[in-house]
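Q: What follows is structure07.cif, mmCIF, C-alpha atoms.
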```
data_data
#
loop_
_atom_site.group_PDB
_atom_site.id
_atom_site.type_symbol
_atom_site.label_atom_id
_atom_site.label_comp_id
_atom_site.auth_asym_id
_atom_site.auth_seq_id
_atom_site.Cartn_x
_atom_site.Cartn_y
_atom_site.Cartn_z
ATOM 1 C CA MET A 176 0.000 0.000 0.000
ATOM 2 C CA ARG A 177 1.266 3.477 -0.889
ATOM 3 C CA ILE A 178 0.191 6.562 1.061
ATOM 4 C CA PHE A 179 0.780 10.134 -0.095
ATOM 5 C CA CYS A 180 0.913 12.688 2.747
ATOM 6 C CA PHE A 181 0.614 16.323 1.669
ATOM 7 C CA GLY A 182 0.716 18.948 4.367
ATOM 8 C CA ASP A 183 2.439 21.663 6.309
ATOM 9 C CA SER A 184 5.164 21.553 8.972
ATOM 10 C CA ASN A 185 3.113 19.071 11.024
ATOM 11 C CA THR A 186 3.572 16.591 8.174
ATOM 12 C CA TYR A 187 7.118 17.699 7.289
ATOM 13 C CA GLY A 188 8.232 17.177 10.866
ATOM 14 C CA TYR A 189 9.358 20.680 11.787
ATOM 15 C CA ASP A 190 11.441 20.683 14.961
ATOM 16 C CA ALA A 191 10.091 23.566 17.033
ATOM 17 C CA ARG A 192 13.202 23.390 19.240
ATOM 18 C CA SER A 193 15.374 24.511 16.332
ATOM 19 C CA MET A 194 15.933 28.098 15.308
ATOM 20 C CA LEU A 195 16.471 27.400 11.606
ATOM 21 C CA GLY A 196 13.548 25.155 10.676
ATOM 22 C CA GLU A 197 15.343 21.891 11.197
ATOM 23 C CA ARG A 198 13.504 18.619 10.797
ATOM 24 C CA LEU A 199 12.712 16.011 13.418
ATOM 25 C CA GLY A 200 14.310 12.618 13.006
ATOM 26 C CA ALA A 201 12.421 10.038 10.963
ATOM 27 C CA ASN A 202 11.510 8.220 14.173
ATOM 28 C CA GLU A 203 9.570 11.339 15.305
ATOM 29 C CA ARG A 204 7.670 12.307 12.122
ATOM 30 C CA TRP A 205 4.129 10.909 11.911
ATOM 31 C CA PRO A 206 4.267 9.815 8.229
ATOM 32 C CA GLU A 207 7.476 7.888 8.808
ATOM 33 C CA ILE A 208 6.119 6.369 12.034
ATOM 34 C CA LEU A 209 2.982 5.290 10.142
ATOM 35 C CA GLY A 210 5.140 3.648 7.491
ATOM 36 C CA LYS A 211 7.306 1.866 10.036
ATOM 37 C CA ILE A 212 4.366 0.573 12.090
ATOM 38 C CA SER A 213 2.250 -0.473 9.093
ATOM 39 C CA GLY A 214 4.934 -1.630 6.674
ATOM 40 C CA TRP A 215 3.344 0.587 4.011
ATOM 41 C CA GLU A 216 5.210 2.914 1.698
ATOM 42 C CA VAL A 217 4.521 6.448 2.919
ATOM 43 C CA VAL A 218 5.530 9.474 0.854
ATOM 44 C CA ASN A 219 6.015 12.570 3.023
ATOM 45 C CA GLU A 220 5.357 15.770 1.044
ATOM 46 C CA GLY A 221 5.133 18.110 4.017
ATOM 47 C CA MET A 222 6.557 21.628 3.797
ATOM 48 C CA ASN A 223 7.079 24.255 6.452
ATOM 49 C CA GLY A 224 4.703 27.189 6.078
ATOM 50 C CA ARG A 225 2.458 25.549 3.471
ATOM 51 C CA GLU A 226 -1.063 26.943 3.253
ATOM 52 C CA ILE A 227 -4.049 25.480 1.417
ATOM 53 C CA PRO A 228 -3.083 25.666 -2.282
ATOM 54 C CA GLU A 229 -5.287 27.922 -4.396
ATOM 55 C CA SER A 230 -3.148 29.675 -7.003
ATOM 56 C CA PRO A 231 -2.570 27.918 -10.338
ATOM 57 C CA TRP A 232 1.174 27.532 -9.653
ATOM 58 C CA PHE A 233 0.623 25.795 -6.302
ATOM 59 C CA LEU A 234 -2.133 23.578 -7.724
ATOM 60 C CA GLU A 235 0.169 22.555 -10.597
ATOM 61 C CA ARG A 236 2.934 21.854 -8.078
ATOM 62 C CA PHE A 237 0.588 19.595 -6.092
ATOM 63 C CA ASP A 238 -0.484 17.815 -9.300
ATOM 64 C CA HIS A 239 3.170 17.219 -10.219
ATOM 65 C CA LEU A 240 4.024 15.822 -6.764
ATOM 66 C CA LEU A 241 1.012 13.488 -6.740
ATOM 67 C CA SER A 242 1.608 12.317 -10.320
ATOM 68 C CA ALA A 243 5.249 11.585 -9.516
ATOM 69 C CA CYS A 244 4.296 9.049 -6.838
ATOM 70 C CA ALA A 245 1.127 7.609 -8.428
ATOM 71 C CA PRO A 246 -0.514 5.212 -8.025
ATOM 72 C CA VAL A 247 -1.516 5.899 -4.432
ATOM 73 C CA ASP A 248 -3.891 3.936 -2.238
ATOM 74 C CA LEU A 249 -4.478 6.640 0.367
ATOM 75 C CA LEU A 250 -4.004 10.375 0.362
ATOM 76 C CA PHE A 251 -3.693 12.423 3.552
ATOM 77 C CA LEU A 252 -4.127 16.193 3.364
ATOM 78 C CA MET A 253 -3.094 17.955 6.545
ATOM 79 C CA LEU A 254 -3.515 21.666 5.948
ATOM 80 C CA GLY A 255 -4.982 24.773 7.521
ATOM 81 C CA SER A 256 -2.653 25.520 10.427
ATOM 82 C CA ASN A 257 -0.736 28.209 8.564
ATOM 83 C CA ASP A 258 -3.927 29.626 7.085
ATOM 84 C CA LEU A 259 -4.936 30.391 10.677
ATOM 85 C CA LEU A 260 -1.543 31.368 12.067
ATOM 86 C CA ASN A 261 -0.507 33.651 9.196
ATOM 87 C CA SER A 262 -3.631 35.763 9.373
ATOM 88 C CA TYR A 263 -4.195 38.736 11.659
ATOM 89 C CA CYS A 264 -7.903 37.945 11.760
ATOM 90 C CA PRO A 265 -8.485 34.344 10.569
ATOM 91 C CA ASP A 266 -11.643 33.832 8.517
ATOM 92 C CA ILE A 267 -12.723 30.234 9.053
ATOM 93 C CA GLU A 268 -15.382 30.518 6.335
ATOM 94 C CA ASN A 269 -12.717 31.509 3.797
ATOM 95 C CA ILE A 270 -10.348 28.775 4.975
ATOM 96 C CA GLY A 271 -13.121 26.181 4.737
ATOM 97 C CA SER A 272 -14.041 27.407 1.258
ATOM 98 C CA ARG A 273 -10.416 27.193 0.078
ATOM 99 C CA MET A 274 -10.097 23.686 1.528
ATOM 100 C CA GLU A 275 -13.302 22.651 -0.237
ATOM 101 C CA LYS A 276 -11.980 23.947 -3.591
ATOM 102 C CA PHE A 277 -8.661 22.201 -3.039
ATOM 103 C CA VAL A 278 -10.267 18.866 -2.121
ATOM 104 C CA LYS A 279 -12.444 19.097 -5.240
ATOM 105 C CA HIS A 280 -9.280 19.750 -7.272
ATOM 106 C CA VAL A 281 -7.614 16.709 -5.665
ATOM 107 C CA LEU A 282 -10.601 14.476 -6.430
ATOM 108 C CA LYS A 283 -10.309 15.361 -10.134
ATOM 109 C CA HIS A 284 -6.636 14.330 -10.270
ATOM 110 C CA PRO A 285 -6.085 11.193 -12.415
ATOM 111 C CA ALA A 286 -4.292 9.476 -9.510
ATOM 112 C CA VAL A 287 -7.436 9.851 -7.381
ATOM 113 C CA ASP A 288 -10.184 10.279 -9.997
ATOM 114 C CA GLY A 289 -12.957 10.627 -7.423
ATOM 115 C CA ARG A 290 -12.340 7.158 -6.014
ATOM 116 C CA GLY A 291 -12.157 6.295 -2.363
ATOM 117 C CA LYS A 292 -13.901 7.067 0.845
ATOM 118 C CA LYS A 293 -13.449 10.421 2.467
ATOM 119 C CA LEU A 294 -12.696 10.805 6.143
ATOM 120 C CA PHE A 295 -12.542 14.243 7.711
ATOM 121 C CA LEU A 296 -10.935 14.718 11.105
ATOM 122 C CA LEU A 297 -11.671 18.204 12.326
ATOM 123 C CA PRO A 298 -11.678 19.978 15.654
ATOM 124 C CA ARG A 299 -15.082 21.172 16.746
ATOM 125 C CA ARG A 300 -13.725 24.565 17.813
ATOM 126 C CA LEU A 301 -10.706 26.474 16.649
ATOM 127 C CA TRP A 302 -9.037 29.245 18.570
ATOM 128 C CA LYS A 303 -8.110 32.662 17.295
ATOM 129 C CA SER A 304 -4.404 33.204 17.521
ATOM 130 C CA GLY A 305 -2.771 36.430 18.553
ATOM 131 C CA VAL A 306 -1.002 38.927 16.360
ATOM 132 C CA MET A 307 2.367 37.683 15.135
ATOM 133 C CA GLY A 308 4.886 38.377 17.839
ATOM 134 C CA ARG A 309 2.344 37.824 20.587
ATOM 135 C CA SER A 310 1.548 34.540 22.241
ATOM 136 C CA MET A 311 0.182 31.990 19.783
ATOM 137 C CA SER A 312 -1.149 29.758 22.545
ATOM 138 C CA ALA A 313 -4.313 27.898 21.592
ATOM 139 C CA MET A 314 -5.615 28.494 25.086
ATOM 140 C CA THR A 315 -5.722 32.264 24.721
ATOM 141 C CA GLY A 316 -8.108 34.159 22.525
ATOM 142 C CA SER A 317 -11.705 33.453 21.741
ATOM 143 C CA PRO A 318 -13.171 30.341 20.128
ATOM 144 C CA ILE A 319 -14.162 30.186 16.483
ATOM 145 C CA ASN A 320 -16.982 27.767 15.777
ATOM 146 C CA SER A 321 -15.759 25.772 12.784
ATOM 147 C CA GLU A 322 -18.748 23.431 12.572
ATOM 148 C CA PRO A 323 -20.786 25.358 9.941
ATOM 149 C CA ALA A 324 -17.914 25.748 7.478
ATOM 150 C CA MET A 325 -16.529 22.267 8.034
ATOM 151 C CA GLY A 326 -20.012 20.718 7.906
ATOM 152 C CA ARG A 327 -20.582 22.271 4.492
ATOM 153 C CA LEU A 328 -17.221 20.903 3.359
ATOM 154 C CA GLN A 329 -18.177 17.402 4.484
ATOM 155 C CA ASN A 330 -21.614 17.599 2.888
ATOM 156 C CA SER A 331 -20.263 18.866 -0.431
ATOM 157 C CA MET A 332 -17.708 16.042 -0.520
ATOM 158 C CA GLY A 333 -20.392 13.401 0.027
ATOM 159 C CA SER A 334 -19.134 12.190 3.381
ATOM 160 C CA GLY A 335 -21.792 10.946 5.748
ATOM 161 C CA LEU A 336 -19.373 10.947 8.644
ATOM 162 C CA PRO A 337 -20.035 13.324 11.516
ATOM 163 C CA ILE A 338 -17.509 15.973 12.436
ATOM 164 C CA GLN A 339 -15.275 14.466 15.064
ATOM 165 C CA PRO A 340 -14.823 16.441 18.273
ATOM 166 C CA GLY A 341 -11.254 17.323 19.151
ATOM 167 C CA GLY A 342 -11.008 20.833 20.557
ATOM 168 C CA SER A 343 -7.370 20.385 21.559
ATOM 169 C CA CYS A 344 -6.289 19.208 18.106
ATOM 170 C CA PRO A 345 -3.240 21.290 17.037
ATOM 171 C CA TRP A 346 -4.251 21.437 13.355
ATOM 172 C CA PRO A 347 -7.513 22.586 11.834
ATOM 173 C CA MET A 348 -8.088 20.036 9.109
ATOM 174 C CA THR A 349 -6.977 16.556 8.174
ATOM 175 C CA VAL A 350 -8.580 15.009 5.131
ATOM 176 C CA CYS A 351 -8.017 11.370 4.232
ATOM 177 C CA ILE A 352 -9.120 10.398 0.725
#
```
Translate this structure into structure tokens?

A:
Amino acid sequence: MRIFCFGDSNTYGYDARSMLGERLGANERWPEILGKISGWEVVNEGMNGREIPESPWFLERFDHLLSACAPVDLLFLMLGSNDLLNSYCPDIENIGSRMEKFVKHVLKHPAVDGRGKKLFLLPRRLWKSGVMGRSMSAMTGSPINSEPAMGRLQNSMGSGLPIQPGGSCPWPMTVCI
């Protein structure tokens, strides 16, 4: 089985202890751990700072990466953290809309071609982060109710699965196709 993991620094394995964006060891990165435990081939296409792709260049880049490792049996998309953190005033509706457009783009890719079950793992509530330079603690700020935007995303993708609670989840969206 081959799994393609496309995401941000959470997928890449960014080492928050480093000052220069160093990477955690393979024994600490979730895609590599998944591969080791399962015996499956796991392709880690995480990148520090990645946001939900929407421009033609970034969509073409995604298409190229996915085509290069096709065929794939599972596809994990782990995006949205930077869309929240890099915004002075995060707009969850806009982030959900961009994720919906991206997932629809992914489902049209020849390596996926609309096949497979969709599983969405989403926190029920997201937290507004502070202004860059201030504390980015998830426990400060006021909650953003993500259920309406994420519910629409699930419904439009044809998933009958309920939104999973997980208020302490450190990332806003994980999509498994």

Q: Suppose a student applies the PyMOL selection byres ((chain A and resi 187-196) around 7) to this structure; what residues should they get, written as a VMD selection string?

A: chain A and resid 183 to 186 197 to 199 204 219 to 223

Q: Residues picked by the PyMOL selection byres ((chain A and resi 178) around 12) here, as a ChimeraX atom specification?

A: /A:176-177,179-181,206-207,209-210,213-220,241,244-252,286-287,351-352

Q: Would you work out the distance separating atom CA of A:Arg273 from atom CA of A:Glu229, expressed in Å to one decimal?

A: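 Between these atoms lies a distance of 6.8 Å.
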
Q: Could you jot down the atom CA of A:Gly182 to atom CA of A:Trp205 separation for me, Å, one decimal place?

A: 11.5 Å
